[in-house]
Structure formats: C-alpha cells, structure tokens
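Below is the file my_file_14.pdb, which contains PDB, C-alpha atoms.
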```pdb
ATOM      1  CA  MET K  21     104.628  98.903  97.996
ATOM      2  CA  VAL K  22     102.359  95.868  97.911
ATOM      3  CA  SER K  23     102.227  93.421 100.789
ATOM      4  CA  VAL K  24     100.076  90.324 101.044
ATOM      5  CA  GLU K  25      99.345  88.042 103.951
ATOM      6  CA  SER K  26      97.249  85.015 103.094
ATOM      7  CA  ASN K  27      95.708  82.201 105.117
ATOM      8  CA  TYR K  28      93.912  79.187 103.717
ATOM      9  CA  ARG K  29      91.719  76.585 105.358
ATOM     10  CA  THR K  30      89.664  73.785 103.856
ATOM     11  CA  HIS K  31      86.347  72.975 105.508
ATOM     12  CA  VAL K  32      85.117  69.403 105.168
ATOM     13  CA  GLY K  33      81.958  69.290 103.108
ATOM     14  CA  MET K  34      82.551  72.640 101.442
ATOM     15  CA  GLY K  35      83.384  71.123  98.065
ATOM     16  CA  ARG K  36      86.564  71.418  96.068
ATOM     17  CA  THR K  37      86.119  74.848  94.509
ATOM     18  CA  GLY K  38      86.552  78.368  95.760
ATOM     19  CA  ASN K  39      87.045  81.974  94.737
ATOM     20  CA  VAL K  40      89.343  84.675  96.007
ATOM     21  CA  VAL K  41      88.141  88.158  95.107
ATOM     22  CA  ILE K  42      90.320  91.105  96.055
ATOM     23  CA  ASP K  43      88.510  94.434  95.843
ATOM     24  CA  ALA K  44      90.954  97.131  94.717
ATOM     25  CA  ASP K  45      90.630 100.794  95.596
ATOM     26  CA  THR K  46      91.613 101.769  92.045
ATOM     27  CA  ASP K  47      90.650 101.143  88.447
ATOM     28  CA  ASP K  48      94.310 101.321  87.345
ATOM     29  CA  GLU K  49      95.066  97.991  85.663
ATOM     30  CA  GLY K  50      98.815  98.265  86.281
ATOM     31  CA  VAL K  51      98.295  98.682  90.006
ATOM     32  CA  ARG K  52      95.852  95.794  90.090
ATOM     33  CA  ARG K  53      98.363  93.578  88.220
ATOM     34  CA  THR K  54     100.972  94.470  90.843
ATOM     35  CA  VAL K  55      98.541  93.502  93.604
ATOM     36  CA  LEU K  56      97.750  90.224  91.864
ATOM     37  CA  ALA K  57     101.436  89.460  91.239
ATOM     38  CA  ALA K  58     101.988  89.727  95.010
ATOM     39  CA  ALA K  59      98.776  87.989  96.082
ATOM     40  CA  PHE K  60      98.783  85.083  93.611
ATOM     41  CA  PRO K  61     101.861  83.224  94.936
ATOM     42  CA  ALA K  62     100.930  84.048  98.554
ATOM     43  CA  ILE K  63      97.457  82.552  98.129
ATOM     44  CA  VAL K  64      98.824  79.416  96.463
ATOM     45  CA  LYS K  65     101.521  79.044  99.132
ATOM     46  CA  ALA K  66      98.935  79.383 101.902
ATOM     47  CA  ALA K  67      97.187  76.344 100.408
ATOM     48  CA  ASP K  68     100.333  74.141 100.384
ATOM     49  CA  GLY K  69      99.422  70.517 100.936
ATOM     50  CA  ASP K  70      95.885  70.824  99.650
ATOM     51  CA  PRO K  71      95.070  68.653  96.648
ATOM     52  CA  GLU K  72      93.463  69.711  93.407
ATOM     53  CA  VAL K  73      91.105  72.430  94.508
ATOM     54  CA  SER K  74      89.768  74.653  91.718
ATOM     55  CA  LEU K  75      90.340  78.220  92.796
ATOM     56  CA  GLY K  76      89.408  81.416  91.004
ATOM     57  CA  ILE K  77      91.612  84.404  91.884
ATOM     58  CA  GLN K  78      90.896  87.967  90.765
ATOM     59  CA  VAL K  79      91.527  91.601  91.647
ATOM     60  CA  VAL K  80      88.412  93.627  90.870
ATOM     61  CA  SER K  81      88.562  97.323  89.964
ATOM     62  CA  ALA K  82      87.104  99.936  92.314
ATOM     63  CA  SER K  83      84.269 100.525  89.853
ATOM     64  CA  GLY K  84      83.602  96.773  89.711
ATOM     65  CA  GLY K  85      83.736  96.867  85.933
ATOM     66  CA  THR K  86      86.875  94.824  85.292
ATOM     67  CA  ALA K  87      89.050  92.220  86.969
ATOM     68  CA  VAL K  88      92.659  91.135  86.668
ATOM     69  CA  THR K  89      93.203  87.362  86.870
ATOM     70  CA  PRO K  90      96.208  85.012  86.739
ATOM     71  CA  GLY K  91      95.674  84.916  82.957
ATOM     72  CA  ASP K  92      96.804  88.549  82.890
ATOM     73  CA  LEU K  93     100.130  87.372  84.340
ATOM     74  CA  GLY K  94     100.598  84.781  81.581
ATOM     75  CA  TYR K  95      98.886  81.837  83.284
ATOM     76  CA  SER K  96      96.836  79.603  80.992
ATOM     77  CA  GLY K  97      96.170  76.475  83.047
ATOM     78  CA  THR K  98      93.129  74.766  84.501
ATOM     79  CA  GLY K  99      92.630  76.946  87.583
ATOM     80  CA  THR K 100      93.585  74.232  90.069
ATOM     81  CA  LEU K 101      96.110  74.685  92.846
ATOM     82  CA  GLY K 102      98.394  72.094  91.200
ATOM     83  CA  SER K 103      98.296  73.970  87.917
ATOM     84  CA  TYR K 104      98.995  77.265  89.688
ATOM     85  CA  ARG K 105     101.968  75.668  91.481
ATOM     86  CA  ALA K 106     103.394  74.394  88.200
ATOM     87  CA  PHE K 107     103.039  77.846  86.617
ATOM     88  CA  LEU K 108     104.661  79.595  89.575
ATOM     89  CA  ALA K 109     107.559  77.119  89.583
ATOM     90  CA  GLY K 110     108.398  78.300  86.078
ATOM     91  CA  HIS K 111     108.003  81.990  86.922
ATOM     92  CA  PRO K 112     110.369  82.891  89.772
ATOM     93  CA  GLU K 113     109.812  86.597  89.070
ATOM     94  CA  LEU K 114     106.395  86.212  90.705
ATOM     95  CA  HIS K 115     107.845  84.979  93.992
ATOM     96  CA  PRO K 116     108.308  87.530  96.770
TER
END
```

Can you turn what I pasted into structure tokens?
Amino acid sequence: MVSVESNYRTHVGMGRTGNVVIDADTDDEGVRRTVLAAAFPAIVKAADGDPEVSLGIQVVSASGGTAVTPGDLGYSGTGTLGSYRAFLAGHPELHP
C-alpha cells in the first residue's frame, strides 16, 4: 500500500521554481512508479491556488542511479502546476 500526505507553502522571495525529490528505499521501477502515481496528485493538490510555479517531481531509486518522473506516467507538459493540473484532470486513474 502507498500513502502520501503532502503540504505545500510558498515563501515570498523564494522564486517561482521548486523541486520535490522523493528518495525511495528500492530500485524497483514499478514500485517507484506506484509511489509517484500516489504522490504526484497529492503534491499538486497541496499547491491548489498557487499560480504557475515550475515544479520538478521525481522518485529517486535507492542507489540514486535513476529517477521516475511524471513523464513516466504519460505527462508531457511544461512542468508547471497549471500544466500538471490539466494533465491530472484528464487522468482520473491517478486520483486517490
């Protein structure tokens, strides 16, 4: 079972970009995709109301050698919260 709790806060003066890196305890790509599929919509939802922030999201393997990103779930947008929201609206299977 995968469970994700996500909080998001914007700090004035911190710019309009950010990165979320989830360190996995496995190198198994399937497991990391499952983690990302749960985390991705939770992270975006936590940022509801925030404008066009560019946000990198990835689940890194235990060895640190590879990462799974929203692109591995079929996403091909610009990496902004608005683009993520549009993608998720068309992919209800990614909603918890």

Can you pull out the residues contacting Thr100 of chain K? Cut-off 8 Å, using only C-alpha atoms, and skip same-chain residues under 3 positions away; I want them as a PyMOL selection string. chain K and resi 72-75+97+103-104

Going by the chain IDs and residue numbers used in this file, which residues fall under the PyMOL selection byres ((chain K and resi 60-62) around 12)? Write them as a VMD selection string. chain K and resid 22 to 28 40 to 42 52 to 59 63 to 68 75 to 79 88 to 93 95 99 101 104 to 109 111 to 116

Name the closest residue to Thr46 of chain K among the candidates K:Gly84, K:Gly110, K:Gly94, K:Gly102; distances are taken between atoms, counting all atoms listed in the file.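 Once distances to Thr46 of chain K are computed over all atoms listed in the file, the minimum belongs to K:Gly84.
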
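What separates atom CA of Val51 of chain K from atom CA of Gly85 of chain K is a distance of 15.2 Å.
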
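Neighbourhood of point (89.9, 99.6, 92.8): residues with an atom at most 7 Å away, counting all atoms listed in the file, are Asp43, Ala44, Asp45, Thr46, Asp47, Val80, Ser81, Ala82 and Ser83 of chain K.
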